[in-house]
Amino acid sequence: MAVSGFSAADYFRCCSLCFDAAGLGDDDRGLSPRDRYQKHADGRHGGLLNLPEESDVAFLKWLSSSEWYGTHPWEIRRGGNSTHISLGAFAEGGGIRLALTGSATTRAAETMKMALALWRAGIQFILHDADLHLRRVKGEDWIGIYPESYGLSGRYFFPSGIDITDFYPWGEYADFPKLQLHTIMEPLPLDILKQGASLKLPS
């Protein structure tokens, strides 16, 4: 359901809830919600920081315009193309709908903490990839680990029947013996072994 009467100040307050959940409260002591957004967001705000903060009319008008297209006002935690966290706001039926996105493995815990904070505050929002996050919370997601010498080709060796969330070279896990206790070794299928030469694998 869309929220009515939502201003830029309301958006910044939602961001502050997310920042607190991510453990940034001590670092931001004394900063206003707006200043916290400016500190942690991408920076390409598309005019969001120029709006009269308390005006829901101004926020909805800006949101419904094309002024912010091509910018990144919703990237509240900076990152790469797929490793940032966004709290999007979208015009819908005369109100505002929020959407939280942060599906990268490296940002999963942070995103879930933000989602719980928004939910506990009674703020309605959509959590993108909710099924993926649920599998992670329940320990049902799989990460494919392959020898570093295989390079990026290593991700193609896993059986198609296994739903793998992400892929990492073994070197990133080798120093953590407890993680190795939860590793299941999969033999390479014969047809994959025959393709080894075309993938330029080490002999």
# chains A, B, ... in the order shown; residues from 1 in each chain; ligands from 1
>>> residues_around(residues="A:Ala91", least_positions_apart="4", cutoff="8 Å", atoms="only C-alpha atoms", output="NGL selection string")
:A and (60 or 63-64 or 95-97)
>>> residues_around(residues="A:Leu100", least_positions_apart="4", cutoff="9 Å", atoms="only C-alpha atoms", output="VMD selection string")
chain A and resid 85 to 88 111 114 to 115 125 to 128
>>> write_last_selection(atoms="all heavy atoms", output="compact mmCIF listing (two decimals), in the first residue's frame")
# COMPACT_ATOMS: atom_id res chain seq x y z
N ILE A 85 23.29 -0.61 -1.60
CA ILE A 85 21.97 -0.81 -1.02
C ILE A 85 21.11 0.40 -1.37
O ILE A 85 21.55 1.54 -1.21
CB ILE A 85 22.03 -0.98 0.51
CG1 ILE A 85 22.87 -2.22 0.86
CG2 ILE A 85 20.62 -1.11 1.10
CD1 ILE A 85 23.05 -2.42 2.36
N SER A 86 19.91 0.14 -1.86
CA SER A 86 19.01 1.22 -2.26
C SER A 86 17.73 1.19 -1.44
O SER A 86 17.21 0.11 -1.13
CB SER A 86 18.64 1.10 -3.74
OG SER A 86 19.77 1.28 -4.57
N LEU A 87 17.23 2.37 -1.11
CA LEU A 87 15.90 2.52 -0.54
C LEU A 87 15.14 3.41 -1.50
O LEU A 87 15.20 4.63 -1.42
CB LEU A 87 15.96 3.13 0.86
CG LEU A 87 14.59 3.28 1.56
CD1 LEU A 87 13.96 1.90 1.79
CD2 LEU A 87 14.72 4.03 2.87
N GLY A 88 14.45 2.78 -2.43
CA GLY A 88 13.76 3.52 -3.48
C GLY A 88 12.42 4.06 -3.00
O GLY A 88 11.75 3.48 -2.15
N THR A 111 21.41 -5.50 4.74
CA THR A 111 20.08 -5.27 4.17
C THR A 111 18.99 -5.86 5.05
O THR A 111 17.94 -5.23 5.28
CB THR A 111 19.99 -5.88 2.76
OG1 THR A 111 20.99 -5.30 1.92
CG2 THR A 111 18.62 -5.63 2.13
N MET A 114 18.36 -3.70 8.01
CA MET A 114 17.57 -2.53 7.63
C MET A 114 16.10 -2.89 7.46
O MET A 114 15.21 -2.14 7.89
CB MET A 114 18.12 -1.95 6.32
CG MET A 114 19.48 -1.31 6.42
SD MET A 114 20.03 -0.68 4.81
CE MET A 114 21.61 0.06 5.26
N ALA A 115 15.85 -4.03 6.83
CA ALA A 115 14.48 -4.47 6.60
C ALA A 115 13.75 -4.66 7.93
O ALA A 115 12.59 -4.25 8.10
CB ALA A 115 14.46 -5.76 5.79
N PHE A 125 7.00 -1.34 3.15
CA PHE A 125 7.99 -1.33 2.07
C PHE A 125 8.01 -2.68 1.39
O PHE A 125 7.48 -3.67 1.91
CB PHE A 125 9.40 -1.00 2.62
CG PHE A 125 9.96 -2.09 3.50
CD1 PHE A 125 10.88 -3.00 3.00
CD2 PHE A 125 9.57 -2.20 4.82
CE1 PHE A 125 11.39 -4.01 3.80
CE2 PHE A 125 10.07 -3.20 5.63
CZ PHE A 125 10.99 -4.11 5.12
N ILE A 126 8.61 -2.71 0.22
CA ILE A 126 8.84 -3.95 -0.51
C ILE A 126 10.30 -4.34 -0.35
O ILE A 126 11.18 -3.48 -0.52
CB ILE A 126 8.51 -3.78 -2.01
CG1 ILE A 126 7.04 -3.45 -2.21
CG2 ILE A 126 8.88 -5.03 -2.81
CD1 ILE A 126 6.71 -3.04 -3.62
N LEU A 127 10.58 -5.59 -0.03
CA LEU A 127 11.95 -6.09 0.03
C LEU A 127 12.23 -6.88 -1.24
O LEU A 127 11.63 -7.95 -1.45
CB LEU A 127 12.15 -6.97 1.26
CG LEU A 127 13.53 -7.64 1.39
CD1 LEU A 127 14.64 -6.60 1.48
CD2 LEU A 127 13.56 -8.59 2.59
N HIS A 128 13.08 -6.36 -2.09
CA HIS A 128 13.43 -7.08 -3.31
C HIS A 128 14.20 -8.36 -2.98
O HIS A 128 15.00 -8.39 -2.05
CB HIS A 128 14.28 -6.19 -4.22
CG HIS A 128 13.46 -5.16 -4.94
ND1 HIS A 128 14.00 -4.29 -5.87
CD2 HIS A 128 12.14 -4.84 -4.89
CE1 HIS A 128 13.06 -3.50 -6.34
NE2 HIS A 128 11.93 -3.82 -5.76
>>> closest_residue(among="A:Glu140, A:Asp42, A:Glu53, A:Asp10", to="A:Arg78", atoms="only C-alpha atoms")
A:Asp42
>>> atom_distance(atom1="atom CA of A:Pro169", atom2="atom CA of A:Tyr150")
8.5 Å
>>> atom_distance(atom1="atom CA of A:Thr183", atom2="atom CA of A:Glu148")
16.1 Å
>>> select_by_dssp(residues="stretch 11-173 of chain A", states="strand (DSSP E)", output="ChimeraX atom specification")
/A:75-77,85-92,95-101,126-127,142-146,164-169
>>> atom_distance(atom1="atom CA of A:Asp141", atom2="atom CA of A:Ile162")
9.8 Å
>>> residues_around(residues="A:Ala8", least_positions_apart="2", cutoff="12 Å", atoms="only C-alpha atoms", output="PyMOL selection string")
chain A and resi 5-6+10-15+33-34+37+45+47-63+73-74+89+96
>>> write_last_selection(atoms="C-alpha atoms", output="mmCIF file, in the first residue's frame")
data_model
loop_
_atom_site.group_PDB
_atom_site.id
_atom_site.type_symbol
_atom_site.label_atom_id
_atom_site.label_comp_id
_atom_site.auth_asym_id
_atom_site.auth_seq_id
_atom_site.Cartn_x
_atom_site.Cartn_y
_atom_site.Cartn_z
ATOM 1 C CA GLY A 5 1.746 12.709 3.007
ATOM 2 C CA PHE A 6 5.359 11.586 2.590
ATOM 3 C CA ASP A 10 10.215 11.401 6.050
ATOM 4 C CA TYR A 11 12.492 9.718 3.532
ATOM 5 C CA PHE A 12 15.615 10.889 5.358
ATOM 6 C CA ARG A 13 14.176 9.578 8.633
ATOM 7 C CA CYS A 14 13.636 6.164 7.024
ATOM 8 C CA CYS A 15 17.246 6.257 5.856
ATOM 9 C CA PRO A 33 18.774 12.617 9.102
ATOM 10 C CA ARG A 34 19.389 14.742 6.004
ATOM 11 C CA TYR A 37 21.817 10.637 4.007
ATOM 12 C CA HIS A 45 20.875 12.896 -5.503
ATOM 13 C CA GLY A 47 17.708 17.316 -6.670
ATOM 14 C CA LEU A 48 16.468 15.455 -3.589
ATOM 15 C CA LEU A 49 18.677 17.498 -1.256
ATOM 16 C CA ASN A 50 17.344 20.735 -2.744
ATOM 17 C CA LEU A 51 13.701 20.078 -1.837
ATOM 18 C CA PRO A 52 11.938 21.792 1.079
ATOM 19 C CA GLU A 53 12.258 18.966 3.547
ATOM 20 C CA GLU A 54 8.837 19.045 5.182
ATOM 21 C CA SER A 55 6.757 19.509 2.020
ATOM 22 C CA ASP A 56 5.066 16.291 0.900
ATOM 23 C CA VAL A 57 3.702 18.165 -2.136
ATOM 24 C CA ALA A 58 7.211 19.146 -3.261
ATOM 25 C CA PHE A 59 8.495 15.601 -2.764
ATOM 26 C CA LEU A 60 5.690 14.004 -4.764
ATOM 27 C CA LYS A 61 6.021 16.603 -7.538
ATOM 28 C CA TRP A 62 9.776 15.979 -7.788
ATOM 29 C CA LEU A 63 9.269 12.231 -7.633
ATOM 30 C CA PRO A 73 19.074 9.337 -5.201
ATOM 31 C CA TRP A 74 18.066 5.958 -3.755
ATOM 32 C CA ALA A 89 10.709 5.781 -3.325
ATOM 33 C CA ILE A 96 4.647 6.903 -2.083
#
>>> select_by_dssp(residues="chain A", states="alpha helix (DSSP H)", output="mmCIF file with N, CA and C atoms, in the first residue's frame")
data_model
loop_
_atom_site.group_PDB
_atom_site.id
_atom_site.type_symbol
_atom_site.label_atom_id
_atom_site.label_comp_id
_atom_site.auth_asym_id
_atom_site.auth_seq_id
_atom_site.Cartn_x
_atom_site.Cartn_y
_atom_site.Cartn_z
ATOM 1 N N ALA A 8 10.394 14.677 1.901
ATOM 2 C CA ALA A 8 11.822 14.355 1.884
ATOM 3 C C ALA A 8 12.329 14.094 3.299
ATOM 4 N N ALA A 9 11.795 14.846 4.262
ATOM 5 C CA ALA A 9 12.194 14.637 5.661
ATOM 6 C C ALA A 9 11.809 13.239 6.117
ATOM 7 N N ASP A 10 10.632 12.762 5.702
ATOM 8 C CA ASP A 10 10.215 11.401 6.050
ATOM 9 C C ASP A 10 11.167 10.379 5.431
ATOM 10 N N TYR A 11 11.566 10.639 4.191
ATOM 11 C CA TYR A 11 12.492 9.718 3.532
ATOM 12 C C TYR A 11 13.827 9.681 4.271
ATOM 13 N N PHE A 12 14.339 10.839 4.645
ATOM 14 C CA PHE A 12 15.615 10.889 5.358
ATOM 15 C C PHE A 12 15.516 10.174 6.709
ATOM 16 N N ARG A 13 14.353 10.278 7.352
ATOM 17 C CA ARG A 13 14.176 9.578 8.633
ATOM 18 C C ARG A 13 14.183 8.057 8.433
ATOM 19 N N CYS A 14 13.589 7.602 7.331
ATOM 20 C CA CYS A 14 13.636 6.164 7.024
ATOM 21 C C CYS A 14 15.076 5.718 6.785
ATOM 22 N N CYS A 15 15.833 6.563 6.090
ATOM 23 C CA CYS A 15 17.246 6.257 5.856
ATOM 24 C C CYS A 15 17.998 6.165 7.181
ATOM 25 N N SER A 16 17.684 7.059 8.101
ATOM 26 C CA SER A 16 18.355 7.043 9.401
ATOM 27 C C SER A 16 18.081 5.755 10.157
ATOM 28 N N LEU A 17 16.845 5.245 10.061
ATOM 29 C CA LEU A 17 16.536 3.955 10.683
ATOM 30 C C LEU A 17 17.425 2.864 10.099
ATOM 31 N N CYS A 18 17.608 2.932 8.778
ATOM 32 C CA CYS A 18 18.463 1.942 8.111
ATOM 33 C C CYS A 18 19.916 2.093 8.549
ATOM 34 N N PHE A 19 20.379 3.320 8.663
ATOM 35 C CA PHE A 19 21.762 3.541 9.071
ATOM 36 C C PHE A 19 22.000 3.046 10.496
ATOM 37 N N ASP A 20 21.036 3.295 11.382
ATOM 38 C CA ASP A 20 21.164 2.799 12.753
ATOM 39 C C ASP A 20 21.238 1.277 12.762
ATOM 40 N N ALA A 21 20.385 0.641 11.947
ATOM 41 C CA ALA A 21 20.369 -0.820 11.887
ATOM 42 C C ALA A 21 21.686 -1.376 11.369
ATOM 43 N N PRO A 33 19.064 13.664 10.095
ATOM 44 C CA PRO A 33 18.774 12.617 9.102
ATOM 45 C C PRO A 33 19.194 13.019 7.694
ATOM 46 N N ARG A 34 18.980 14.270 7.328
ATOM 47 C CA ARG A 34 19.389 14.742 6.004
ATOM 48 C C ARG A 34 20.894 14.648 5.833
ATOM 49 N N ASP A 35 21.636 15.076 6.848
ATOM 50 C CA ASP A 35 23.098 15.044 6.773
ATOM 51 C C ASP A 35 23.625 13.618 6.746
ATOM 52 N N ARG A 36 22.933 12.728 7.438
ATOM 53 C CA ARG A 36 23.340 11.318 7.414
ATOM 54 C C ARG A 36 23.155 10.739 6.014
ATOM 55 N N TYR A 37 22.035 11.076 5.388
ATOM 56 C CA TYR A 37 21.817 10.637 4.007
ATOM 57 C C TYR A 37 22.931 11.155 3.109
ATOM 58 N N GLN A 38 23.256 12.424 3.262
ATOM 59 C CA GLN A 38 24.296 13.026 2.418
ATOM 60 C C GLN A 38 25.648 12.365 2.660
ATOM 61 N N LYS A 39 25.904 11.927 3.865
ATOM 62 C CA LYS A 39 27.182 11.297 4.209
ATOM 63 C C LYS A 39 27.320 9.909 3.599
ATOM 64 N N HIS A 40 26.260 9.116 3.626
ATOM 65 C CA HIS A 40 26.366 7.704 3.244
ATOM 66 C C HIS A 40 25.866 7.386 1.833
ATOM 67 N N ASP A 56 5.403 17.524 1.606
ATOM 68 C CA ASP A 56 5.066 16.291 0.900
ATOM 69 C C ASP A 56 4.654 16.585 -0.540
ATOM 70 N N VAL A 57 4.096 17.773 -0.773
ATOM 71 C CA VAL A 57 3.702 18.165 -2.136
ATOM 72 C C VAL A 57 4.934 18.302 -3.019
ATOM 73 N N ALA A 58 5.978 18.956 -2.499
ATOM 74 C CA ALA A 58 7.211 19.146 -3.261
ATOM 75 C C ALA A 58 7.884 17.805 -3.549
ATOM 76 N N PHE A 59 7.855 16.905 -2.573
ATOM 77 C CA PHE A 59 8.495 15.601 -2.764
ATOM 78 C C PHE A 59 7.775 14.796 -3.838
ATOM 79 N N LEU A 60 6.454 14.761 -3.781
ATOM 80 C CA LEU A 60 5.690 14.004 -4.764
ATOM 81 C C LEU A 60 5.828 14.605 -6.158
ATOM 82 N N LYS A 61 5.843 15.941 -6.246
ATOM 83 C CA LYS A 61 6.021 16.603 -7.538
ATOM 84 C C LYS A 61 7.373 16.261 -8.141
ATOM 85 N N TRP A 62 8.418 16.322 -7.311
ATOM 86 C CA TRP A 62 9.776 15.979 -7.788
ATOM 87 C C TRP A 62 9.841 14.513 -8.191
ATOM 88 N N LEU A 63 9.228 13.671 -7.379
ATOM 89 C CA LEU A 63 9.269 12.231 -7.633
ATOM 90 C C LEU A 63 8.558 11.886 -8.939
ATOM 91 N N SER A 64 7.492 12.619 -9.256
ATOM 92 C CA SER A 64 6.708 12.349 -10.456
ATOM 93 C C SER A 64 7.307 12.989 -11.698
ATOM 94 N N ALA A 108 24.128 -8.639 2.316
ATOM 95 C CA ALA A 108 22.901 -9.317 2.722
ATOM 96 C C ALA A 108 22.551 -9.063 4.185
ATOM 97 N N ALA A 109 23.512 -9.224 5.090
ATOM 98 C CA ALA A 109 23.239 -9.046 6.518
ATOM 99 C C ALA A 109 22.809 -7.614 6.806
ATOM 100 N N GLU A 110 23.488 -6.671 6.189
ATOM 101 C CA GLU A 110 23.168 -5.255 6.381
ATOM 102 C C GLU A 110 21.750 -4.956 5.893
ATOM 103 N N THR A 111 21.406 -5.499 4.737
ATOM 104 C CA THR A 111 20.078 -5.269 4.166
ATOM 105 C C THR A 111 18.989 -5.857 5.051
ATOM 106 N N MET A 112 19.218 -7.065 5.571
ATOM 107 C CA MET A 112 18.219 -7.687 6.432
ATOM 108 C C MET A 112 18.028 -6.910 7.728
ATOM 109 N N LYS A 113 19.092 -6.364 8.273
ATOM 110 C CA LYS A 113 18.970 -5.543 9.485
ATOM 111 C C LYS A 113 18.143 -4.296 9.199
ATOM 112 N N MET A 114 18.360 -3.701 8.014
ATOM 113 C CA MET A 114 17.573 -2.527 7.629
ATOM 114 C C MET A 114 16.104 -2.890 7.461
ATOM 115 N N ALA A 115 15.850 -4.029 6.828
ATOM 116 C CA ALA A 115 14.475 -4.470 6.602
ATOM 117 C C ALA A 115 13.751 -4.663 7.932
ATOM 118 N N LEU A 116 14.420 -5.273 8.889
ATOM 119 C CA LEU A 116 13.812 -5.503 10.199
ATOM 120 C C LEU A 116 13.547 -4.181 10.916
ATOM 121 N N ALA A 117 14.452 -3.225 10.770
ATOM 122 C CA ALA A 117 14.267 -1.924 11.414
ATOM 123 C C ALA A 117 13.056 -1.194 10.843
ATOM 124 N N LEU A 118 12.898 -1.214 9.533
ATOM 125 C CA LEU A 118 11.743 -0.570 8.902
ATOM 126 C C LEU A 118 10.449 -1.262 9.327
ATOM 127 N N TRP A 119 10.478 -2.584 9.345
ATOM 128 C CA TRP A 119 9.288 -3.351 9.731
ATOM 129 C C TRP A 119 8.890 -3.068 11.177
ATOM 130 N N ARG A 120 9.871 -3.034 12.075
ATOM 131 C CA ARG A 120 9.585 -2.776 13.491
ATOM 132 C C ARG A 120 9.044 -1.369 13.707
ATOM 133 N N ALA A 130 13.119 -11.076 -1.693
ATOM 134 C CA ALA A 130 12.778 -11.537 -0.348
ATOM 135 C C ALA A 130 13.001 -13.042 -0.190
ATOM 136 N N ASP A 131 12.698 -13.818 -1.224
ATOM 137 C CA ASP A 131 12.902 -15.271 -1.143
ATOM 138 C C ASP A 131 14.378 -15.613 -0.968
ATOM 139 N N LEU A 132 15.245 -14.876 -1.674
ATOM 140 C CA LEU A 132 16.690 -15.098 -1.543
ATOM 141 C C LEU A 132 17.151 -14.778 -0.128
ATOM 142 N N HIS A 133 16.700 -13.665 0.419
ATOM 143 C CA HIS A 133 17.082 -13.294 1.781
ATOM 144 C C HIS A 133 16.576 -14.318 2.793
ATOM 145 N N LEU A 134 15.373 -14.849 2.558
ATOM 146 C CA LEU A 134 14.837 -15.856 3.472
ATOM 147 C C LEU A 134 15.687 -17.117 3.442
ATOM 148 N N ARG A 135 16.117 -17.527 2.237
ATOM 149 C CA ARG A 135 16.985 -18.709 2.154
ATOM 150 C C ARG A 135 18.300 -18.460 2.881
ATOM 151 N N ARG A 136 18.817 -17.252 2.791
ATOM 152 C CA ARG A 136 20.063 -16.932 3.484
ATOM 153 C C ARG A 136 19.881 -17.009 5.002
ATOM 154 N N VAL A 137 18.799 -16.432 5.489
ATOM 155 C CA VAL A 137 18.530 -16.430 6.923
ATOM 156 C C VAL A 137 18.386 -17.857 7.456
ATOM 157 N N PRO A 177 38.942 -22.455 8.644
ATOM 158 C CA PRO A 177 38.694 -23.905 8.756
ATOM 159 C C PRO A 177 37.253 -24.258 9.102
ATOM 160 N N LYS A 178 36.568 -23.433 9.915
ATOM 161 C CA LYS A 178 35.197 -23.762 10.303
ATOM 162 C C LYS A 178 34.257 -23.739 9.100
ATOM 163 N N LEU A 179 34.540 -22.855 8.150
ATOM 164 C CA LEU A 179 33.715 -22.827 6.947
ATOM 165 C C LEU A 179 33.900 -24.100 6.127
ATOM 166 N N GLN A 180 35.107 -24.642 6.191
ATOM 167 C CA GLN A 180 35.383 -25.846 5.416
ATOM 168 C C GLN A 180 34.561 -27.033 5.916
ATOM 169 N N LEU A 190 31.644 -35.877 -16.205
ATOM 170 C CA LEU A 190 32.535 -36.265 -17.286
ATOM 171 C C LEU A 190 32.470 -35.305 -18.463
ATOM 172 N N ASP A 191 31.272 -34.834 -18.819
ATOM 173 C CA ASP A 191 31.160 -33.937 -19.971
ATOM 174 C C ASP A 191 31.865 -32.610 -19.707
ATOM 175 N N ILE A 192 31.880 -32.164 -18.432
ATOM 176 C CA ILE A 192 32.600 -30.938 -18.090
ATOM 177 C C ILE A 192 34.097 -31.154 -18.210
ATOM 178 N N LEU A 193 34.561 -32.315 -17.771
ATOM 179 C CA LEU A 193 35.988 -32.610 -17.861
ATOM 180 C C LEU A 193 36.449 -32.604 -19.309
ATOM 181 N N LYS A 194 35.604 -33.101 -20.205
ATOM 182 C CA LYS A 194 35.966 -33.126 -21.617
ATOM 183 C C LYS A 194 36.045 -31.730 -22.214
#
>>> residues_around(residues="A:Ile143", least_positions_apart="6", cutoff="7 Å", atoms="only C-alpha atoms", output="PyMOL selection string")
chain A and resi 164-167
